Amino acid sequence: MTPVELSRTVLHAVRRAVDEGELEVTVPERVVVGEPGPGGCGDYATNVALRMAGAAGRKPLEVAEVLRSRLVEVDGIRDVVITGPGFLNISLTRSADPAPGLVREIRELGAGYGFSDELAGQVVVLRVPYDVRAEVVADAVARIVATQGGRAEVEHGEPVNLRPVPAAEDPAPLGADAAQWALLYPAAHDRPRITADHLVQRESNPLFRVRYAHARVRSVSRNAARLGFTAEPGRYGADDLVRPLVTALAAHPRILAAAATHRAPDRVARHLVTVADAVLPFVPTVLPSGEEKPSAAHRARLALAEAAGTVLAGGLSLLGIDAPEHL
């Protein structure tokens with residue numbers, strides 16, 4: 001069960017509770033599941049009960065118990081624990097490890113991973129001022145909106161509905177990729193920094209980390225081929241490096257949807273940094289060391305790393321930035 005499948009499972013439990021008259025509330029369009037917060041437990045957690053309680057006229061703990069009674073009956077879910085004011089903490093059965101399914105989904109969909117029809121049929125009109133940053137942001141928003149099935153039309157005129165804080169200097173001297181990043185990485189209400197920091201090849205530069213992470217994944221794939229093995233989704237074993245990466249990859253569809261809805265390409269940029277920071281410490285564990293022979297675990301780890309590379313390349317493309325094979 002992947003995080004996307006788990007989200008759908010929780011949503012189905014909500015619909016059942018509504019259909020059977022236990023909850024009187026409008027069923028949300030989607031349910032977000034993520035890593036449990038402080039005081040939580042299990043594999044994933046959701047605050048859907050807290051979000052629905054007010055509209056349902058019930059206490060969050062009551063809503064959570066209604067949903068828990070349905071979720072514990074689902075194959076693949078080992079246990080559901082309610083914590084705090086009404087968080088649902090979900091533990092999956094061992095056979096329901098979400099990582100292999102998530103990696104298979106990313107491998108199957110490729111650059112289309114995270115795409116949906118949430119905005120299908122909708123035309124998003126972006127009215128922007130005559131400004132370099134506004135043009136760049138609108139162009140990225142149009143690409144991101146398309147991933148959710150919508151279509152964006154960019155216009156100049158009043159009333160303006162997309163006006164990011166302009167850059168104080170011309171970003172062109174940074175070069176195409178760094179200029180794009182400099183204009184898109186800050187939130188719309190923040191003034192972008194047009195400095196040479198965006199060109200520095202070190203970890204302090206977020207753009208470098210993202211592009212370097214992609215290049216490292218491609219390098220690992222090439223080296224695996226020289227060693228005679230290819231990627232194959234599977235189990236990764238107990239490893240503190242796996243979970244943050246799986247969590248980051250699983251969040252990609254939610255990030256794309258939010259970026260499209262809020263016209264915020266900076267959310268995609270920041271998420272790419274999160275993915276890069278999760279995959280960089282994981283990459284050294286992919287290849288065999290010394291006289292070690294490639295095993296199923298190595299093939300599985302390679303598949304997970306390549307899935308991260310797919311997300312990084314796809315996200316950079318949406319921002320109009322090149323994903324290098326070598327760096």
# chains A, B, ... in the order shown; residues from 1 in each chain; ligands from 1

call {"tool": "closest_atom_pairs", "arguments": {"of": "range 92-156 of chain A", "to": "range 310-313 of chain A", "cutoff": "8 Å", "atoms": "only C-alpha atoms", "output": "CSV"}}
result
residue,atom,partner,partner_atom,distance
A:Ile106,CA,A:Thr310,CA,7.5
A:Gly110,CA,A:Thr310,CA,6.3
A:Ala111,CA,A:Thr310,CA,6.4
A:Tyr113,CA,A:Val311,CA,7.6

call {"tool": "write_last_selection", "arguments": {"atoms": "N, CA and C atoms", "output": "compact mmCIF listing (two decimals), in the first residue's frame"}}
result
# COMPACT_ATOMS: atom_id res chain seq x y z
N ILE A 106 6.31 5.13 -9.44
CA ILE A 106 7.15 6.18 -10.03
C ILE A 106 7.82 5.65 -11.30
N GLY A 110 6.92 7.57 -14.55
CA GLY A 110 8.02 8.42 -14.97
C GLY A 110 7.78 9.87 -14.60
N ALA A 111 8.01 10.76 -15.57
CA ALA A 111 7.84 12.19 -15.32
C ALA A 111 6.39 12.54 -15.01
N TYR A 113 4.58 11.09 -12.76
CA TYR A 113 4.24 10.78 -11.37
C TYR A 113 3.81 12.07 -10.67

call {"tool": "residues_around", "arguments": {"residues": "range 56-66 of chain A", "least_positions_apart": "2", "cutoff": "7 Å", "atoms": "only C-alpha atoms", "output": "JSON, numbers by chain"}}
result
{"A": [23, 24, 25, 49, 50, 52, 53, 54, 68, 69, 82, 85, 86, 88]}

call {"tool": "residues_around", "arguments": {"residues": "Arg127 in chain A", "least_positions_apart": "5", "cutoff": "10 Å", "atoms": "only C-alpha atoms", "output": "list of chain:residue names"}}
result
A:Ala134, A:Glu135, A:Ala138, A:Glu153, A:Val154, A:Glu155, A:His156, A:Gly157, A:Glu158, A:Pro159, A:Val160, A:Asn161, A:Leu162, A:Arg163

call {"tool": "write_last_selection", "arguments": {"atoms": "C-alpha atoms", "output": "mmCIF file, in the first residue's frame"}}
result
data_model
loop_
_atom_site.group_PDB
_atom_site.id
_atom_site.type_symbol
_atom_site.label_atom_id
_atom_site.label_comp_id
_atom_site.auth_asym_id
_atom_site.auth_seq_id
_atom_site.Cartn_x
_atom_site.Cartn_y
_atom_site.Cartn_z
ATOM 1 C CA ALA A 134 6.119 37.711 -12.873
ATOM 2 C CA GLU A 135 6.607 36.285 -16.370
ATOM 3 C CA ALA A 138 3.498 32.580 -14.539
ATOM 4 C CA GLU A 153 -3.722 31.469 -19.784
ATOM 5 C CA VAL A 154 -1.234 34.271 -19.146
ATOM 6 C CA GLU A 155 -2.444 37.828 -19.739
ATOM 7 C CA HIS A 156 -1.214 41.348 -19.071
ATOM 8 C CA GLY A 157 -3.756 43.719 -17.655
ATOM 9 C CA GLU A 158 -5.716 44.771 -14.636
ATOM 10 C CA PRO A 159 -6.713 43.560 -12.204
ATOM 11 C CA VAL A 160 -3.430 41.723 -11.734
ATOM 12 C CA ASN A 161 -3.861 38.453 -9.791
ATOM 13 C CA LEU A 162 -0.253 37.227 -9.813
ATOM 14 C CA ARG A 163 2.260 39.836 -8.680
#

call {"tool": "closest_residue", "arguments": {"among": "A:Ala250, A:Ala225, A:Ala188, A:Ala257", "to": "Glu118 in chain A", "atoms": "only C-alpha atoms"}}
result
A:Ala257

call {"tool": "atom_distance", "arguments": {"atom1": "CA of Ala55 in chain A", "atom2": "CA of Val18 in chain A"}}
result
12.4 Å

call {"tool": "closest_residue", "arguments": {"among": "A:Val200, A:Ala248, A:Ala303, A:Ala168", "to": "Tyr212 in chain A", "atoms": "only C-alpha atoms"}}
result
A:Val200

call {"tool": "closest_residue", "arguments": {"among": "A:Ala99, A:Val32, A:Val145, A:Leu184", "to": "Arg263 in chain A", "atoms": "only C-alpha atoms"}}
result
A:Val145

call {"tool": "closest_residue", "arguments": {"among": "A:Asp190, A:Glu306, A:Asp277, A:Glu73", "to": "Arg209 in chain A", "atoms": "only C-alpha atoms"}}
result
A:Asp277

call {"tool": "atom_distance", "arguments": {"atom1": "CA of Glu20 in chain A", "atom2": "CA of Phe87 in chain A"}}
result
22.2 Å

call {"tool": "closest_residue", "arguments": {"among": "A:His252, A:Arg193, A:His12, A:Arg299", "to": "Thr274 in chain A", "atoms": "only C-alpha atoms"}}
result
A:His252

call {"tool": "select_by_dssp", "arguments": {"residues": "range 53-210 of chain A", "states": "strand (DSSP E or B)", "output": "PDB file with N, CA, C and O atoms, in the first residue's frame"}}
result
ATOM      1  N   ILE A  77      -3.621  -2.879   6.749  1.00  0.00           N
ATOM      2  CA  ILE A  77      -3.495  -1.998   7.914  1.00  0.00           C
ATOM      3  C   ILE A  77      -3.463  -2.863   9.168  1.00  0.00           C
ATOM      4  O   ILE A  77      -4.402  -3.618   9.430  1.00  0.00           O
ATOM      5  N   ARG A  78      -2.367  -2.769   9.907  1.00  0.00           N
ATOM      6  CA  ARG A  78      -2.185  -3.599  11.095  1.00  0.00           C
ATOM      7  C   ARG A  78      -2.869  -3.010  12.317  1.00  0.00           C
ATOM      8  O   ARG A  78      -3.462  -3.731  13.126  1.00  0.00           O
ATOM      9  N   ASP A  79      -2.814  -1.675  12.449  1.00  0.00           N
ATOM     10  CA  ASP A  79      -3.404  -1.048  13.630  1.00  0.00           C
ATOM     11  C   ASP A  79      -3.605   0.434  13.361  1.00  0.00           C
ATOM     12  O   ASP A  79      -2.928   1.028  12.511  1.00  0.00           O
ATOM     13  N   VAL A  80      -4.551   1.021  14.082  1.00  0.00           N
ATOM     14  CA  VAL A  80      -4.796   2.464  14.015  1.00  0.00           C
ATOM     15  C   VAL A  80      -4.908   2.971  15.448  1.00  0.00           C
ATOM     16  O   VAL A  80      -5.741   2.487  16.214  1.00  0.00           O
ATOM     17  N   VAL A  81      -4.081   3.935  15.797  1.00  0.00           N
ATOM     18  CA  VAL A  81      -4.065   4.484  17.146  1.00  0.00           C
ATOM     19  C   VAL A  81      -4.430   5.958  17.077  1.00  0.00           C
ATOM     20  O   VAL A  81      -3.917   6.701  16.234  1.00  0.00           O
ATOM     21  N   ILE A  82      -5.315   6.375  17.966  1.00  0.00           N
ATOM     22  CA  ILE A  82      -5.711   7.781  18.035  1.00  0.00           C
ATOM     23  C   ILE A  82      -4.847   8.470  19.079  1.00  0.00           C
ATOM     24  O   ILE A  82      -4.744   8.016  20.222  1.00  0.00           O
ATOM     25  N   THR A  83      -4.197   9.564  18.699  1.00  0.00           N
ATOM     26  CA  THR A  83      -3.355  10.298  19.640  1.00  0.00           C
ATOM     27  C   THR A  83      -3.747  11.779  19.628  1.00  0.00           C
ATOM     28  O   THR A  83      -4.370  12.268  18.685  1.00  0.00           O
ATOM     29  N   PHE A  87      -5.634  12.737  16.132  1.00  0.00           N
ATOM     30  CA  PHE A  87      -4.821  12.277  15.009  1.00  0.00           C
ATOM     31  C   PHE A  87      -4.972  10.756  14.858  1.00  0.00           C
ATOM     32  O   PHE A  87      -4.954  10.014  15.844  1.00  0.00           O
ATOM     33  N   LEU A  88      -5.111  10.302  13.628  1.00  0.00           N
ATOM     34  CA  LEU A  88      -5.150   8.878  13.333  1.00  0.00           C
ATOM     35  C   LEU A  88      -3.756   8.431  12.924  1.00  0.00           C
ATOM     36  O   LEU A  88      -3.207   8.903  11.923  1.00  0.00           O
ATOM     37  N   ASN A  89      -3.159   7.537  13.702  1.00  0.00           N
ATOM     38  CA  ASN A  89      -1.831   7.010  13.428  1.00  0.00           C
ATOM     39  C   ASN A  89      -1.975   5.590  12.906  1.00  0.00           C
ATOM     40  O   ASN A  89      -2.506   4.718  13.599  1.00  0.00           O
ATOM     41  N   ILE A  90      -1.515   5.370  11.693  1.00  0.00           N
ATOM     42  CA  ILE A  90      -1.785   4.117  10.992  1.00  0.00           C
ATOM     43  C   ILE A  90      -0.508   3.304  10.845  1.00  0.00           C
ATOM     44  O   ILE A  90       0.512   3.801  10.354  1.00  0.00           O
ATOM     45  N   SER A  91      -0.568   2.042  11.283  1.00  0.00           N
ATOM     46  CA  SER A  91       0.543   1.102  11.110  1.00  0.00           C
ATOM     47  C   SER A  91       0.169   0.105  10.027  1.00  0.00           C
ATOM     48  O   SER A  91      -0.931  -0.469  10.059  1.00  0.00           O
ATOM     49  N   LEU A  92       1.062  -0.084   9.079  1.00  0.00           N
ATOM     50  CA  LEU A  92       0.816  -1.027   7.996  1.00  0.00           C
ATOM     51  C   LEU A  92       1.390  -2.392   8.350  1.00  0.00           C
ATOM     52  O   LEU A  92       2.343  -2.501   9.122  1.00  0.00           O
ATOM     53  N   VAL A 123      -9.860  26.467 -16.518  1.00  0.00           N
ATOM     54  CA  VAL A 123      -8.951  27.421 -17.147  1.00  0.00           C
ATOM     55  C   VAL A 123      -8.529  28.425 -16.085  1.00  0.00           C
ATOM     56  O   VAL A 123      -9.378  29.114 -15.502  1.00  0.00           O
ATOM     57  N   VAL A 124      -7.251  28.480 -15.794  1.00  0.00           N
ATOM     58  CA  VAL A 124      -6.709  29.388 -14.786  1.00  0.00           C
ATOM     59  C   VAL A 124      -6.130  30.601 -15.501  1.00  0.00           C
ATOM     60  O   VAL A 124      -5.156  30.483 -16.257  1.00  0.00           O
ATOM     61  N   VAL A 125      -6.743  31.747 -15.311  1.00  0.00           N
ATOM     62  CA  VAL A 125      -6.277  32.983 -15.941  1.00  0.00           C
ATOM     63  C   VAL A 125      -5.270  33.667 -15.021  1.00  0.00           C
ATOM     64  O   VAL A 125      -5.582  33.988 -13.869  1.00  0.00           O
ATOM     65  N   LEU A 126      -4.073  33.879 -15.529  1.00  0.00           N
ATOM     66  CA  LEU A 126      -3.008  34.525 -14.771  1.00  0.00           C
ATOM     67  C   LEU A 126      -2.770  35.908 -15.378  1.00  0.00           C
ATOM     68  O   LEU A 126      -2.244  36.028 -16.494  1.00  0.00           O
ATOM     69  N   ARG A 127      -3.179  36.940 -14.670  1.00  0.00           N
ATOM     70  CA  ARG A 127      -2.954  38.307 -15.136  1.00  0.00           C
ATOM     71  C   ARG A 127      -1.745  38.873 -14.398  1.00  0.00           C
ATOM     72  O   ARG A 127      -1.772  39.004 -13.167  1.00  0.00           O
ATOM     73  N   VAL A 128      -0.702  39.152 -15.131  1.00  0.00           N
ATOM     74  CA  VAL A 128       0.574  39.551 -14.518  1.00  0.00           C
ATOM     75  C   VAL A 128       1.020  40.910 -15.035  1.00  0.00           C
ATOM     76  O   VAL A 128       0.648  41.334 -16.132  1.00  0.00           O
ATOM     77  N   ARG A 151      -5.611  24.189 -17.486  1.00  0.00           N
ATOM     78  CA  ARG A 151      -4.943  24.977 -18.514  1.00  0.00           C
ATOM     79  C   ARG A 151      -4.833  26.410 -18.026  1.00  0.00           C
ATOM     80  O   ARG A 151      -5.808  26.979 -17.530  1.00  0.00           O
ATOM     81  N   ALA A 152      -3.642  26.968 -18.131  1.00  0.00           N
ATOM     82  CA  ALA A 152      -3.418  28.338 -17.681  1.00  0.00           C
ATOM     83  C   ALA A 152      -3.270  29.268 -18.873  1.00  0.00           C
ATOM     84  O   ALA A 152      -2.640  28.917 -19.874  1.00  0.00           O
ATOM     85  N   GLU A 153      -3.859  30.434 -18.768  1.00  0.00           N
ATOM     86  CA  GLU A 153      -3.722  31.469 -19.784  1.00  0.00           C
ATOM     87  C   GLU A 153      -3.080  32.689 -19.127  1.00  0.00           C
ATOM     88  O   GLU A 153      -3.566  33.188 -18.113  1.00  0.00           O
ATOM     89  N   VAL A 154      -1.965  33.140 -19.699  1.00  0.00           N
ATOM     90  CA  VAL A 154      -1.234  34.271 -19.146  1.00  0.00           C
ATOM     91  C   VAL A 154      -1.622  35.537 -19.904  1.00  0.00           C
ATOM     92  O   VAL A 154      -1.550  35.582 -21.137  1.00  0.00           O
ATOM     93  N   GLU A 155      -2.038  36.558 -19.155  1.00  0.00           N
ATOM     94  CA  GLU A 155      -2.444  37.828 -19.739  1.00  0.00           C
ATOM     95  C   GLU A 155      -1.749  38.974 -19.020  1.00  0.00           C
ATOM     96  O   GLU A 155      -1.284  38.817 -17.892  1.00  0.00           O
ATOM     97  N   HIS A 156      -1.704  40.125 -19.699  1.00  0.00           N
ATOM     98  CA  HIS A 156      -1.214  41.348 -19.071  1.00  0.00           C
ATOM     99  C   HIS A 156      -2.391  42.309 -18.986  1.00  0.00           C
ATOM    100  O   HIS A 156      -3.061  42.569 -19.983  1.00  0.00           O
TER     101      HIS A 156
END

call {"tool": "residues_around", "arguments": {"residues": "Arg222 in chain A", "least_positions_apart": "4", "cutoff": "12 Å", "atoms": "only C-alpha atoms", "output": "short mmCIF file (atom, residue, chain, number, x, y, z; two decimals) with C-alpha atoms, in the first residue's frame"}}
result
data_model
loop_
_atom_site.label_atom_id
_atom_site.label_comp_id
_atom_site.auth_asym_id
_atom_site.auth_seq_id
_atom_site.Cartn_x
_atom_site.Cartn_y
_atom_site.Cartn_z
CA ALA A 215 23.69 13.74 -11.20
CA ARG A 216 24.75 11.41 -8.36
CA VAL A 217 21.75 9.16 -8.98
CA ARG A 218 22.57 8.97 -12.69
CA ARG A 226 29.06 -1.69 -15.13
CA LEU A 227 28.73 -4.07 -12.19
CA GLY A 228 26.08 -6.01 -14.10
CA PHE A 229 22.90 -5.29 -12.16
CA THR A 230 19.82 -3.18 -12.67
CA ALA A 231 17.10 -1.73 -10.48
CA LEU A 287 26.33 -0.03 -4.63
CA LEU A 302 19.01 1.34 -6.84
CA GLU A 306 16.34 6.11 -9.45
CA GLU A 325 23.61 13.80 -16.10
CA HIS A 326 27.05 14.91 -14.90
#

call {"tool": "atom_distance", "arguments": {"atom1": "CA of Glu203 in chain A", "atom2": "CA of Leu318 in chain A"}}
result
22.6 Å
